[in-house]
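Coordinates as given in structure-v3.cif (mmCIF, C-alpha atoms and all ligand atoms):
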```cif
data_input
loop_
_atom_site.label_atom_id
_atom_site.label_comp_id
_atom_site.auth_asym_id
_atom_site.auth_seq_id
_atom_site.Cartn_x
_atom_site.Cartn_y
_atom_site.Cartn_z
CA MET A 1 -13.34 -10.25 15.03
CA THR A 2 -10.29 -8.66 13.43
CA ARG A 3 -10.66 -5.03 12.32
CA VAL A 4 -8.61 -3.92 9.34
CA VAL A 5 -7.60 -0.24 9.37
CA VAL A 6 -5.91 1.41 6.38
CA ILE A 7 -3.77 4.52 6.77
CA THR A 8 -4.12 6.25 3.42
CA SER A 9 -3.76 9.66 1.76
CA GLY A 10 -3.29 9.68 -1.98
CA LYS A 11 -0.50 12.21 -1.70
CA GLY A 12 2.99 11.12 -0.69
CA GLY A 13 4.98 12.22 2.31
CA VAL A 14 2.07 13.42 4.42
CA GLY A 15 2.82 11.16 7.40
CA LYS A 16 1.15 7.80 6.69
CA THR A 17 4.08 5.68 7.84
CA THR A 18 4.67 7.87 10.89
CA THR A 19 0.98 7.51 11.70
CA SER A 20 0.85 3.75 11.01
CA ALA A 21 3.73 3.15 13.40
CA ALA A 22 2.33 5.38 16.14
CA PHE A 23 -1.26 4.20 15.76
CA ALA A 24 -0.42 0.49 15.70
CA SER A 25 1.84 0.97 18.74
CA GLY A 26 -0.93 2.87 20.51
CA LEU A 27 -3.42 0.05 19.93
CA ALA A 28 -0.88 -2.46 21.25
CA LEU A 29 -0.22 -0.27 24.31
CA ARG A 30 -3.95 -0.46 24.97
CA GLY A 31 -3.68 -4.24 25.05
CA PHE A 32 -4.83 -5.15 21.55
CA LYS A 33 -2.99 -7.75 19.55
CA THR A 34 -1.98 -5.74 16.51
CA CYS A 35 -0.17 -6.32 13.23
CA VAL A 36 1.07 -3.45 11.09
CA ILE A 37 1.69 -4.25 7.41
CA ASP A 38 3.85 -2.24 5.03
CA PHE A 39 2.15 -2.15 1.62
CA ASP A 40 4.82 0.05 0.07
CA VAL A 41 6.42 -2.67 -2.05
CA GLY A 42 9.77 -1.57 -3.40
CA LEU A 43 10.07 1.32 -0.94
CA ARG A 44 10.00 -0.41 2.43
CA ASN A 45 10.28 2.11 5.26
CA LEU A 46 8.01 1.03 8.06
CA ASP A 47 10.75 -1.30 9.33
CA LEU A 48 13.04 1.71 9.85
CA ILE A 49 10.36 3.75 11.60
CA MET A 50 9.56 0.77 13.85
CA GLY A 51 13.27 0.17 14.42
CA CYS A 52 13.25 -3.45 13.29
CA GLU A 53 15.09 -3.14 9.96
CA ARG A 54 17.91 -5.46 10.95
CA ARG A 55 15.54 -8.24 11.88
CA VAL A 56 13.82 -8.46 8.50
CA VAL A 57 14.36 -11.91 7.02
CA TYR A 58 11.20 -12.63 5.10
CA ASP A 59 8.60 -10.18 3.86
CA PHE A 60 4.99 -9.78 2.75
CA VAL A 61 5.71 -10.92 -0.83
CA ASN A 62 7.64 -14.00 0.38
CA VAL A 63 4.55 -14.99 2.37
CA ILE A 64 2.19 -14.39 -0.56
CA ASN A 65 4.44 -16.44 -2.85
CA GLY A 66 4.59 -19.27 -0.31
CA GLU A 67 8.35 -18.83 0.17
CA ALA A 68 7.92 -18.28 3.89
CA LYS A 69 5.28 -18.87 6.52
CA LEU A 70 3.50 -15.84 7.92
CA THR A 71 4.84 -16.67 11.38
CA GLN A 72 8.39 -16.58 9.99
CA ALA A 73 7.89 -13.15 8.42
CA LEU A 74 6.20 -11.42 11.36
CA ILE A 75 8.62 -9.39 13.48
CA LYS A 76 7.82 -8.90 17.12
CA ASP A 77 8.04 -5.25 18.14
CA LYS A 78 10.72 -4.29 20.65
CA HIS A 79 8.49 -1.89 22.61
CA CYS A 80 5.16 -3.67 22.78
CA GLU A 81 4.44 -7.24 23.73
CA ASN A 82 1.50 -7.76 21.37
CA LEU A 83 2.63 -5.84 18.28
CA PHE A 84 3.98 -7.40 15.10
CA VAL A 85 5.36 -5.90 11.91
CA LEU A 86 5.01 -7.43 8.46
CA PRO A 87 7.60 -5.69 6.28
CA ALA A 88 7.19 -4.92 2.58
CA SER A 89 9.59 -6.49 0.13
CA GLN A 90 12.19 -4.48 -1.70
CA THR A 91 11.35 -6.15 -5.01
CA ARG A 92 10.81 -3.81 -7.88
CA ASP A 93 8.03 -5.95 -9.30
CA LYS A 94 4.93 -3.86 -8.67
CA ASP A 95 2.66 -6.81 -9.40
CA ALA A 96 4.14 -8.85 -6.57
CA LEU A 97 1.08 -8.17 -4.42
CA THR A 98 -2.11 -9.89 -5.48
CA GLU A 99 -5.60 -9.44 -4.16
CA GLU A 100 -5.88 -13.16 -3.33
CA GLY A 101 -2.50 -13.08 -1.61
CA VAL A 102 -3.38 -10.09 0.55
CA GLU A 103 -6.73 -11.62 1.41
CA ALA A 104 -5.10 -14.90 2.46
CA VAL A 105 -2.64 -13.11 4.74
CA ILE A 106 -5.39 -11.08 6.40
CA LYS A 107 -7.50 -14.24 6.87
CA GLU A 108 -4.55 -15.96 8.53
CA LEU A 109 -3.97 -13.01 10.86
CA GLU A 110 -7.63 -13.30 11.78
CA HIS A 111 -7.16 -16.99 12.62
CA MET A 112 -4.15 -16.07 14.73
CA GLY A 113 -6.40 -13.94 16.88
CA PHE A 114 -5.23 -10.46 15.93
CA ASP A 115 -7.57 -7.68 17.07
CA TYR A 116 -6.29 -5.11 14.59
CA VAL A 117 -4.47 -5.15 11.29
CA VAL A 118 -3.09 -1.72 10.35
CA CYS A 119 -2.24 -1.27 6.65
CA ASP A 120 0.36 1.39 5.82
CA SER A 121 -0.60 2.41 2.28
CA PRO A 122 1.85 3.62 -0.33
CA ALA A 123 1.19 7.01 -1.94
CA GLY A 124 -0.75 7.28 -5.17
CA ILE A 125 -3.90 5.62 -6.44
CA GLU A 126 -2.28 2.66 -8.14
CA ARG A 127 -2.35 -1.02 -7.35
CA GLY A 128 -0.48 -0.89 -4.02
CA ALA A 129 -2.67 1.86 -2.61
CA VAL A 130 -5.84 0.14 -3.82
CA LEU A 131 -4.80 -3.22 -2.34
CA ALA A 132 -4.00 -1.54 0.99
CA LEU A 133 -7.58 -0.27 1.25
CA THR A 134 -9.40 -3.19 -0.39
CA PHE A 135 -10.00 -5.14 2.83
CA ALA A 136 -10.37 -2.17 5.16
CA ASP A 137 -13.13 -1.89 7.74
CA GLU A 138 -11.97 1.59 8.70
CA ALA A 139 -9.76 4.18 7.06
CA ILE A 140 -7.65 6.94 8.54
CA VAL A 141 -7.29 9.51 5.79
CA THR A 142 -4.07 11.35 6.57
CA THR A 143 -4.11 14.91 5.26
CA ASN A 144 -1.80 17.91 5.49
CA PRO A 145 -3.47 21.33 5.62
CA GLU A 146 -2.36 22.11 2.09
CA VAL A 147 -4.15 22.23 -1.28
CA SER A 148 -2.72 19.19 -3.04
CA SER A 149 -3.01 16.96 -0.01
CA VAL A 150 -6.66 17.89 0.56
CA ARG A 151 -7.55 17.28 -3.06
CA ASP A 152 -5.75 13.93 -3.11
CA SER A 153 -7.51 12.89 0.10
CA ASP A 154 -10.77 13.63 -1.63
CA ARG A 155 -9.73 11.36 -4.50
CA ILE A 156 -8.76 8.53 -2.17
CA LEU A 157 -12.12 8.85 -0.37
CA GLY A 158 -13.80 8.29 -3.73
CA ILE A 159 -11.68 5.20 -4.28
CA LEU A 160 -12.53 3.86 -0.80
CA GLN A 161 -16.19 4.28 -1.64
CA SER A 162 -15.88 2.44 -4.95
CA LYS A 163 -13.06 -0.09 -4.72
CA SER A 164 -13.11 -1.45 -1.19
CA ARG A 165 -14.56 -4.93 -0.68
CA ARG A 166 -17.22 -3.42 1.53
CA ALA A 167 -18.29 -1.17 -1.34
CA ALA A 168 -18.07 -3.93 -3.95
CA GLU A 169 -20.18 -6.29 -1.86
CA GLY A 170 -22.67 -3.57 -0.91
CA ARG A 171 -21.94 -3.99 2.80
CA GLU A 172 -21.82 -1.19 5.34
CA PRO A 173 -19.26 1.27 3.95
CA VAL A 174 -15.72 1.65 5.25
CA LYS A 175 -15.76 3.87 8.34
CA GLU A 176 -13.77 6.98 7.46
CA HIS A 177 -11.73 9.13 9.82
CA LEU A 178 -9.90 12.33 9.00
CA LEU A 179 -6.46 12.85 10.54
CA VAL A 180 -4.87 16.24 9.94
CA THR A 181 -1.11 15.98 10.31
CA ARG A 182 1.86 18.37 10.29
CA TYR A 183 -0.38 21.08 11.70
CA SER A 184 1.09 24.40 12.63
CA PRO A 185 -1.26 26.43 14.90
CA LYS A 186 0.87 29.53 14.46
CA ARG A 187 0.64 29.50 10.70
CA VAL A 188 -3.12 28.87 10.95
CA ASP A 189 -3.35 31.81 13.32
CA ASP A 190 -1.45 33.95 10.81
CA GLY A 191 -3.88 32.97 8.08
CA GLU A 192 -1.19 31.12 6.16
CA MET A 193 -2.43 27.59 6.66
CA LEU A 194 -5.84 25.93 6.31
CA SER A 195 -7.31 25.23 9.72
CA TYR A 196 -8.37 21.70 10.67
CA LYS A 197 -11.94 22.97 10.54
CA ASP A 198 -11.44 24.11 6.96
CA VAL A 199 -10.04 20.71 6.01
CA GLN A 200 -12.89 18.93 7.70
CA GLU A 201 -15.47 21.15 6.06
CA LEU A 202 -13.91 20.44 2.67
CA LEU A 203 -13.63 16.67 3.04
CA ARG A 204 -16.74 16.09 5.21
CA VAL A 205 -15.25 13.20 7.14
CA PRO A 206 -15.35 12.98 10.96
CA LEU A 207 -12.13 14.26 12.50
CA ILE A 208 -10.18 11.77 14.60
CA GLY A 209 -7.35 14.08 15.49
CA VAL A 210 -4.81 16.75 14.66
CA ILE A 211 -1.09 15.97 14.84
CA PRO A 212 1.14 19.02 15.22
CA GLU A 213 4.17 19.68 13.06
CA SER A 214 6.89 18.66 15.45
CA GLU A 215 10.64 18.29 15.59
CA SER A 216 10.17 15.20 17.73
CA VAL A 217 9.10 13.21 14.68
CA LEU A 218 12.61 13.39 13.29
CA HIS A 219 14.08 12.34 16.65
CA ALA A 220 11.68 9.42 16.67
CA SER A 221 12.55 8.26 13.16
CA ASN A 222 16.29 8.76 13.80
CA GLN A 223 16.06 6.24 16.61
CA GLY A 224 13.53 3.89 15.11
CA THR A 225 11.05 4.58 17.90
CA PRO A 226 7.41 5.22 16.94
CA ALA A 227 6.52 8.82 17.84
CA ILE A 228 3.88 7.76 20.35
CA HIS A 229 6.61 6.53 22.72
CA LEU A 230 8.34 9.93 23.07
CA LYS A 231 7.57 10.90 26.65
CA GLY A 232 6.26 14.42 27.01
CA ALA A 233 6.26 15.20 23.28
CA ASP A 234 3.20 16.90 21.78
CA VAL A 235 3.01 14.37 18.92
CA ALA A 236 3.02 11.48 21.38
CA ASP A 237 0.08 13.03 23.26
CA ALA A 238 -1.74 13.77 20.03
CA TYR A 239 -1.35 10.19 18.76
CA THR A 240 -2.40 8.79 22.15
CA ASP A 241 -5.59 10.86 21.86
CA VAL A 242 -6.18 9.57 18.34
CA VAL A 243 -6.04 5.97 19.56
CA ALA A 244 -8.40 6.78 22.45
CA ARG A 245 -10.92 8.42 20.10
CA PHE A 246 -10.63 5.49 17.71
CA LEU A 247 -11.60 3.24 20.63
CA GLY A 248 -14.65 5.39 21.24
CA GLU A 249 -13.42 7.65 24.03
CA GLU A 250 -14.00 11.39 24.08
CA ARG A 251 -10.86 13.49 24.14
CA PRO A 252 -10.67 17.24 23.57
CA LEU A 253 -8.24 18.38 20.86
CA ARG A 254 -4.83 19.45 22.11
CA TYR A 255 -2.11 21.51 20.44
CA VAL A 256 -4.45 23.15 17.95
CA ASN A 257 -4.44 26.68 19.33
CA TYR A 258 -1.58 29.08 19.04
CA GLU A 259 -0.47 30.77 22.24
CA LYS A 260 1.58 33.86 21.65
CA PRO A 261 4.91 33.53 23.44
CA GLY A 262 5.27 35.67 26.55
CA LEU A 263 7.68 38.57 26.73
CA ILE A 264 10.38 36.59 28.56
CA LYS A 265 10.27 33.85 25.99
CA ARG A 266 10.47 36.38 23.19
CA LEU A 267 13.44 38.12 24.77
CA PHE A 268 15.41 35.04 25.66
CA GLY A 269 14.36 32.81 22.78
CA GLY A 270 14.25 29.09 23.31
CA LYS A 271 11.97 26.62 21.68
CA MET B 1 -0.91 48.03 1.38
CA SER B 2 -1.14 50.41 4.31
CA LEU B 3 1.85 52.14 5.81
CA LEU B 4 1.43 50.17 9.02
CA SER B 5 1.49 46.84 7.28
CA LEU B 6 4.54 47.96 5.33
CA LEU B 7 6.28 48.88 8.56
CA PHE B 8 5.38 45.71 10.38
CA GLY B 9 5.55 43.43 7.38
CA GLU B 10 2.01 42.06 7.59
CA LYS B 11 1.82 38.59 6.10
CA LYS B 12 -0.53 37.62 3.32
CA LYS B 13 -3.50 35.61 4.44
CA THR B 14 -3.44 32.97 1.76
CA ALA B 15 -5.29 30.20 3.61
CA ALA B 16 -8.65 31.70 2.64
CA ILE B 17 -7.66 31.58 -1.03
CA ALA B 18 -6.65 27.94 -0.65
CA LYS B 19 -10.00 27.08 0.89
CA GLU B 20 -11.98 28.81 -1.82
CA ARG B 21 -10.01 27.11 -4.59
CA LEU B 22 -10.45 23.72 -2.95
CA GLN B 23 -14.19 24.23 -2.55
CA LEU B 24 -14.52 24.87 -6.26
CA ILE B 25 -12.30 22.07 -7.49
CA ILE B 26 -13.74 19.45 -5.14
CA ALA B 27 -17.31 20.38 -6.11
CA ARG B 28 -16.33 20.12 -9.74
CA GLU B 29 -14.62 16.79 -9.35
CA HIS B 30 -17.65 15.42 -7.52
CA SER B 31 -20.14 16.39 -10.20
CA SER B 32 -20.95 13.64 -12.62
CA THR B 33 -20.41 16.14 -15.42
CA TYR B 34 -16.77 15.83 -14.60
CA ARG B 35 -16.57 12.20 -13.63
CA GLY B 36 -18.97 11.01 -16.30
CA ALA B 37 -17.07 12.84 -18.99
CA ASP B 38 -14.94 9.81 -19.72
CA PHE B 39 -17.73 8.06 -21.62
CA LEU B 40 -18.05 10.91 -24.12
CA PRO B 41 -15.33 9.79 -26.56
CA ASP B 42 -16.94 6.32 -26.80
CA LEU B 43 -20.38 7.81 -27.22
CA GLN B 44 -19.13 10.05 -29.99
CA ARG B 45 -17.42 7.18 -31.80
CA GLU B 46 -20.52 5.01 -31.67
CA LEU B 47 -22.79 7.84 -32.79
CA ILE B 48 -20.58 8.45 -35.80
CA ALA B 49 -20.74 4.76 -36.68
CA VAL B 50 -24.54 4.61 -36.45
CA ILE B 51 -25.23 7.86 -38.27
CA SER B 52 -22.75 7.04 -41.03
CA LYS B 53 -24.89 4.02 -41.88
CA TYR B 54 -27.69 6.34 -43.00
CA VAL B 55 -26.09 9.64 -43.93
CA ALA B 56 -22.64 10.46 -45.19
CA VAL B 57 -21.48 12.70 -42.39
CA ASN B 58 -18.08 14.04 -41.65
CA PRO B 59 -16.94 12.68 -38.26
CA ASP B 60 -15.86 16.19 -37.31
CA ASP B 61 -19.43 17.38 -37.70
CA ILE B 62 -20.72 15.33 -34.81
CA LYS B 63 -20.16 17.03 -31.49
CA VAL B 64 -21.08 15.61 -28.11
CA GLN B 65 -21.04 17.75 -25.02
CA LEU B 66 -22.11 17.42 -21.41
CA GLU B 67 -23.03 20.65 -19.69
CA GLN B 68 -24.23 21.77 -16.35
CA GLN B 69 -27.32 24.02 -16.33
CA ASP B 70 -28.61 24.86 -12.90
CA ASN B 71 -29.77 21.56 -11.48
CA TYR B 72 -29.71 19.71 -14.76
CA GLU B 73 -27.05 18.09 -16.74
CA VAL B 74 -27.59 18.52 -20.43
CA LEU B 75 -26.22 16.07 -22.92
CA GLU B 76 -25.99 17.96 -26.16
CA VAL B 77 -25.46 16.21 -29.47
CA ASN B 78 -24.86 18.42 -32.49
CA ILE B 79 -24.90 16.84 -35.93
CA VAL B 80 -24.23 18.93 -38.99
CA LEU B 81 -25.57 17.20 -42.07
CA PRO B 82 -23.69 17.63 -45.35
CA GLU B 83 -24.72 20.37 -47.85
CA GLN B 84 -26.18 18.07 -50.52
CA ASN B 85 -28.86 16.88 -48.10
CA ALA B 86 -31.18 19.79 -48.79
CA ALA B 87 -30.33 22.91 -46.88
CA THR B 88 -27.81 22.75 -44.10
CA LEU B 89 -29.70 21.03 -41.41
CA ARG B 90 -28.65 21.33 -37.91
CA GLU B 91 -30.14 18.74 -35.71
CA ARG B 92 -29.92 19.25 -32.10
CA THR B 93 -30.87 16.79 -29.50
CA ALA B 94 -30.78 17.63 -25.91
CA ALA B 95 -31.37 14.98 -23.34
CA HIS B 96 -32.09 16.26 -19.90
CA LEU B 97 -30.69 14.05 -17.26
CA SER B 98 -32.42 14.78 -14.02
CA ARG B 99 -29.37 13.96 -11.99
CA GLN B 100 -28.62 16.45 -9.27
CA PRO B 101 -25.14 17.90 -9.48
N1 LIG A 301 3.88 15.61 12.60
C1 LIG A 301 5.02 15.73 11.92
N2 LIG A 301 5.89 16.74 12.19
C2 LIG A 301 7.03 16.87 11.49
N3 LIG A 301 7.42 16.04 10.52
C3 LIG A 301 6.62 15.01 10.20
C4 LIG A 301 5.37 14.80 10.86
N4 LIG A 301 4.79 13.70 10.33
C5 LIG A 301 5.63 13.26 9.38
N5 LIG A 301 6.73 14.02 9.28
C6 LIG A 301 7.86 13.85 8.38
O1 LIG A 301 7.40 13.87 7.06
C7 LIG A 301 8.12 12.95 6.25
C8 LIG A 301 7.16 11.97 5.60
O2 LIG A 301 6.55 11.18 6.63
P1 LIG A 301 6.07 9.70 6.34
O3 LIG A 301 7.18 8.88 5.80
O4 LIG A 301 5.38 9.21 7.56
O5 LIG A 301 5.03 9.99 5.19
P2 LIG A 301 4.30 8.95 4.21
O6 LIG A 301 2.95 9.52 3.95
O7 LIG A 301 4.38 7.58 4.76
O8 LIG A 301 5.23 9.06 2.93
P3 LIG A 301 5.15 8.09 1.62
O9 LIG A 301 3.97 8.58 0.85
O10 LIG A 301 6.42 8.35 0.93
O11 LIG A 301 4.98 6.70 2.12
C9 LIG A 301 9.12 12.28 7.17
O12 LIG A 301 10.35 12.91 7.01
C10 LIG A 301 8.57 12.51 8.55
O13 LIG A 301 9.58 12.56 9.52
MG MG A 302 5.07 5.75 3.87
#
```
Step by step, read the file and then write its structure as structure tokens.
Amino acid sequence: MTRVVVITSGKGGVGKTTTSAAFASGLALRGFKTCVIDFDVGLRNLDLIMGCERRVVYDFVNVINGEAKLTQALIKDKHCENLFVLPASQTRDKDALTEEGVEAVIKELEHMGFDYVVCDSPAGIERGAVLALTFADEAIVTTNPEVSSVRDSDRILGILQSKSRRAAEGREPVKEHLLVTRYSPKRVDDGEMLSYKDVQELLRVPLIGVIPESESVLHASNQGTPAIHLKGADVADAYTDVVARFLGEERPLRYVNYEKPGLIKRLFGGK
Amino acid sequence: MSLLSLLFGEKKKTAAIAKERLQLIIAREHSSTYRGADFLPDLQRELIAVISKYVAVNPDDIKVQLEQQDNYEVLEVNIVLPEQNAATLRERTAAHLSRQP
């Protein structure tokens, strides 16, 4: 059975694409045949983050319109054997995605034996974002510890509970996970930033992980390497833990507590 | 601000304010008073149409409001009947919806 997982948030720029790339790669590293789909029609970016932008020939909309076969549009990832990327199109026609079209593509991926389909949602609560979550079995609600992001996550949770197929057909609801990203333990410690516990208490969704604010994310996107592959980086560890928890394993949270720098570090600086 | 905090530049702890504001706004946006409010304009329009069949009322004199009172939501409909219909009558109908907030 294929599981469809949407990475969603409502608010823009919170780390959905970064998370989609890392999470899909993590599932593939664990041996699952995975496809990650960019739903951000008109603003394709997942290809850059996955480092496959120069290999895009056909896209999601071409497949839906019957201009290309799904197998022609899927791009095999350069890091993982069993990971494929389905890029968004750069068309400016927002209605290019249709519910029937998306459903047909997901059905075909199911026939092809994919274990997971990860949907990278665009920001907002419009058509693209709704279509990205329509067929979801699980949702990773990506939230920054900041007022507008938390409120928008709450909105998108409401939409998941009303507009997903599971909701419409009265089946078991979409399984929701909260992922707090761009977390800065120091600022939380200083009382300047909502803690992950605060965010969880506000949204009342089980926490699947906390991703620290990290300079490595920029290095990763510069190179077109999903952040989970950066050896020794805190974000890579944090995303690896997220994947493990998603697969049902218990992992304690890392990188959530601030440790005051020692005297030497304070005197001599360094990062 | 104490002298110490002036000297050491103590930072404002604003996260607690953020949390409190979010608690309030999320609770409000979850209540059906807020979400259900979008049917009020239609309700008002239809009420005006029905009542106008029987009494000549001024559309501005029909007010529909949804309010939260403890554990109840109160749908309040205020209709001011025109002067010529006897004394100024003020009919008030309150429907108690036993929905929990
Ligand atoms: N953990 C992190 N630490 C530091 N920077 C991050 C982190 N996660 C994401 N970013 C940065 O935040 C920006 C937005 O990230 P990303 O594109 O993943 O967000 P998005 O939610 O997909 O945005 P959009 O809504 O536009 O699709 C990028 O510049 C990315 O490098
Ligand atoms: Mg994105």
Proximity to chain B - best of A:Pro145, A:Pro173, A:Gly262, A:Gly248, all atoms listed in the file: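 Using all atoms listed in the file, the shortest distance to chain B belongs to A:Pro145.
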Contact set, chain B to chain A: 6 Å, all atoms listed in the file, as a compact mmCIF listing (two decimals) with C-alpha atoms, in the coordinates of the input:
```txt
# COMPACT_ATOMS: atom_id res chain seq x y z
CA LYS B 13 -3.50 35.61 4.44
CA THR B 14 -3.44 32.97 1.76
CA ALA B 15 -5.29 30.20 3.61
```
Protein and nucleic acid residues within 6 Å of ligand LIG 301 (chain A) (all atoms listed in the file) as a PyMOL selection string: chain A and resi 12-18+122-123+181-182+211-215+217-218
Best match for closeness to ligand MG 302 (chain A) among A:Gly101, A:Gly209, A:Gly124, A:Gly66, counting only C-alpha atoms and all ligand atoms: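 For ligand MG 302 (chain A), the nearest of the candidates is A:Gly124.
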Interatomic distance, atom CA of Glu20 of chain B to atom CA of Tyr196 of chain A (Å, one decimal): 14.8 Å
Selected residue of minimal separation from ligand MG 302 (chain A) among A:Ser164, A:Gln72, A:Thr142, A:Asn257, counting all atoms listed in the file: A:Thr142
Who sits within 10 Å of Arg165 of chain A, all atoms listed in the file, same chain under 2 positions skipped, as a list in words: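 What passes the distance filter is Leu133, Thr134, Phe135, Ala136, Asp137, Leu160, Gln161, Ser162, Lys163, Ala167, Ala168, Glu169, Gly170, Arg171, Pro173 and Val174 of chain A.
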Go ahead and dump the residues you just picked, C-alpha atoms, as a compact mmCIF listing (two decimals), keeping the file's coordinate frame.
```txt
# COMPACT_ATOMS: atom_id res chain seq x y z
CA LEU A 133 -7.58 -0.27 1.25
CA THR A 134 -9.40 -3.19 -0.39
CA PHE A 135 -10.00 -5.14 2.83
CA ALA A 136 -10.37 -2.17 5.16
CA ASP A 137 -13.13 -1.89 7.74
CA LEU A 160 -12.53 3.86 -0.80
CA GLN A 161 -16.19 4.28 -1.64
CA SER A 162 -15.88 2.44 -4.95
CA LYS A 163 -13.06 -0.09 -4.72
CA ALA A 167 -18.29 -1.17 -1.34
CA ALA A 168 -18.07 -3.93 -3.95
CA GLU A 169 -20.18 -6.29 -1.86
CA GLY A 170 -22.67 -3.57 -0.91
CA ARG A 171 -21.94 -3.99 2.80
CA PRO A 173 -19.26 1.27 3.95
CA VAL A 174 -15.72 1.65 5.25
```
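Taking atom CA of Asn65 of chain A and atom CA of Pro226 of chain A as endpoints, the distance between them is 29.5 Å.
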Selection near Val6 of chain A, 12 Å with all atoms listed in the file, sequence-local residues under 3 positions removed, as a PyMOL selection string: chain A and resi 3+9+16-17+19-20+23-24+35-39+116-122+128-142+156-157+160+164+174-178
Take the residues that were just selected and, keeping C-alpha atoms, output them as a PDB file, keeping the file's coordinate frame.
```pdb
ATOM      1  CA  ARG A   3     -10.660  -5.030  12.320  1.00  0.00           C
ATOM      2  CA  SER A   9      -3.760   9.660   1.760  1.00  0.00           C
ATOM      3  CA  LYS A  16       1.150   7.800   6.690  1.00  0.00           C
ATOM      4  CA  THR A  17       4.080   5.680   7.840  1.00  0.00           C
ATOM      5  CA  THR A  19       0.980   7.510  11.700  1.00  0.00           C
ATOM      6  CA  SER A  20       0.850   3.750  11.010  1.00  0.00           C
ATOM      7  CA  PHE A  23      -1.260   4.200  15.760  1.00  0.00           C
ATOM      8  CA  ALA A  24      -0.420   0.490  15.700  1.00  0.00           C
ATOM      9  CA  CYS A  35      -0.170  -6.320  13.230  1.00  0.00           C
ATOM     10  CA  VAL A  36       1.070  -3.450  11.090  1.00  0.00           C
ATOM     11  CA  ILE A  37       1.690  -4.250   7.410  1.00  0.00           C
ATOM     12  CA  ASP A  38       3.850  -2.240   5.030  1.00  0.00           C
ATOM     13  CA  PHE A  39       2.150  -2.150   1.620  1.00  0.00           C
ATOM     14  CA  TYR A 116      -6.290  -5.110  14.590  1.00  0.00           C
ATOM     15  CA  VAL A 117      -4.470  -5.150  11.290  1.00  0.00           C
ATOM     16  CA  VAL A 118      -3.090  -1.720  10.350  1.00  0.00           C
ATOM     17  CA  CYS A 119      -2.240  -1.270   6.650  1.00  0.00           C
ATOM     18  CA  ASP A 120       0.360   1.390   5.820  1.00  0.00           C
ATOM     19  CA  SER A 121      -0.600   2.410   2.280  1.00  0.00           C
ATOM     20  CA  PRO A 122       1.850   3.620  -0.330  1.00  0.00           C
ATOM     21  CA  GLY A 128      -0.480  -0.890  -4.020  1.00  0.00           C
ATOM     22  CA  ALA A 129      -2.670   1.860  -2.610  1.00  0.00           C
ATOM     23  CA  VAL A 130      -5.840   0.140  -3.820  1.00  0.00           C
ATOM     24  CA  LEU A 131      -4.800  -3.220  -2.340  1.00  0.00           C
ATOM     25  CA  ALA A 132      -4.000  -1.540   0.990  1.00  0.00           C
ATOM     26  CA  LEU A 133      -7.580  -0.270   1.250  1.00  0.00           C
ATOM     27  CA  THR A 134      -9.400  -3.190  -0.390  1.00  0.00           C
ATOM     28  CA  PHE A 135     -10.000  -5.140   2.830  1.00  0.00           C
ATOM     29  CA  ALA A 136     -10.370  -2.170   5.160  1.00  0.00           C
ATOM     30  CA  ASP A 137     -13.130  -1.890   7.740  1.00  0.00           C
ATOM     31  CA  GLU A 138     -11.970   1.590   8.700  1.00  0.00           C
ATOM     32  CA  ALA A 139      -9.760   4.180   7.060  1.00  0.00           C
ATOM     33  CA  ILE A 140      -7.650   6.940   8.540  1.00  0.00           C
ATOM     34  CA  VAL A 141      -7.290   9.510   5.790  1.00  0.00           C
ATOM     35  CA  THR A 142      -4.070  11.350   6.570  1.00  0.00           C
ATOM     36  CA  ILE A 156      -8.760   8.530  -2.170  1.00  0.00           C
ATOM     37  CA  LEU A 157     -12.120   8.850  -0.370  1.00  0.00           C
ATOM     38  CA  LEU A 160     -12.530   3.860  -0.800  1.00  0.00           C
ATOM     39  CA  SER A 164     -13.110  -1.450  -1.190  1.00  0.00           C
ATOM     40  CA  VAL A 174     -15.720   1.650   5.250  1.00  0.00           C
ATOM     41  CA  LYS A 175     -15.760   3.870   8.340  1.00  0.00           C
ATOM     42  CA  GLU A 176     -13.770   6.980   7.460  1.00  0.00           C
ATOM     43  CA  HIS A 177     -11.730   9.130   9.820  1.00  0.00           C
ATOM     44  CA  LEU A 178      -9.900  12.330   9.000  1.00  0.00           C
TER      45      LEU A 178
END
```
Using only C-alpha atoms, give me every residue within 10 Å of (8.2, 6.5, 20.4) in file coordinates, as a compact mmCIF listing (two decimals) with C-alpha atoms, keeping the file's coordinate frame.
```
# COMPACT_ATOMS: atom_id res chain seq x y z
CA ALA A 21 3.73 3.15 13.40
CA ALA A 22 2.33 5.38 16.14
CA SER A 25 1.84 0.97 18.74
CA GLY A 26 -0.93 2.87 20.51
CA ILE A 49 10.36 3.75 11.60
CA MET A 50 9.56 0.77 13.85
CA HIS A 79 8.49 -1.89 22.61
CA SER A 216 10.17 15.20 17.73
CA VAL A 217 9.10 13.21 14.68
CA HIS A 219 14.08 12.34 16.65
CA ALA A 220 11.68 9.42 16.67
CA SER A 221 12.55 8.26 13.16
CA GLN A 223 16.06 6.24 16.61
CA GLY A 224 13.53 3.89 15.11
CA THR A 225 11.05 4.58 17.90
CA PRO A 226 7.41 5.22 16.94
CA ALA A 227 6.52 8.82 17.84
CA ILE A 228 3.88 7.76 20.35
CA HIS A 229 6.61 6.53 22.72
CA LEU A 230 8.34 9.93 23.07
CA LYS A 231 7.57 10.90 26.65
CA ALA A 233 6.26 15.20 23.28
CA VAL A 235 3.01 14.37 18.92
CA ALA A 236 3.02 11.48 21.38
```
Atomic separation - atom CA of Glu29 of chain B relative to atom CA of Gln44 of chain B, Å: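 Going from atom CA of Gln44 of chain B over to atom CA of Glu29 of chain B, I get 22.2 Å.
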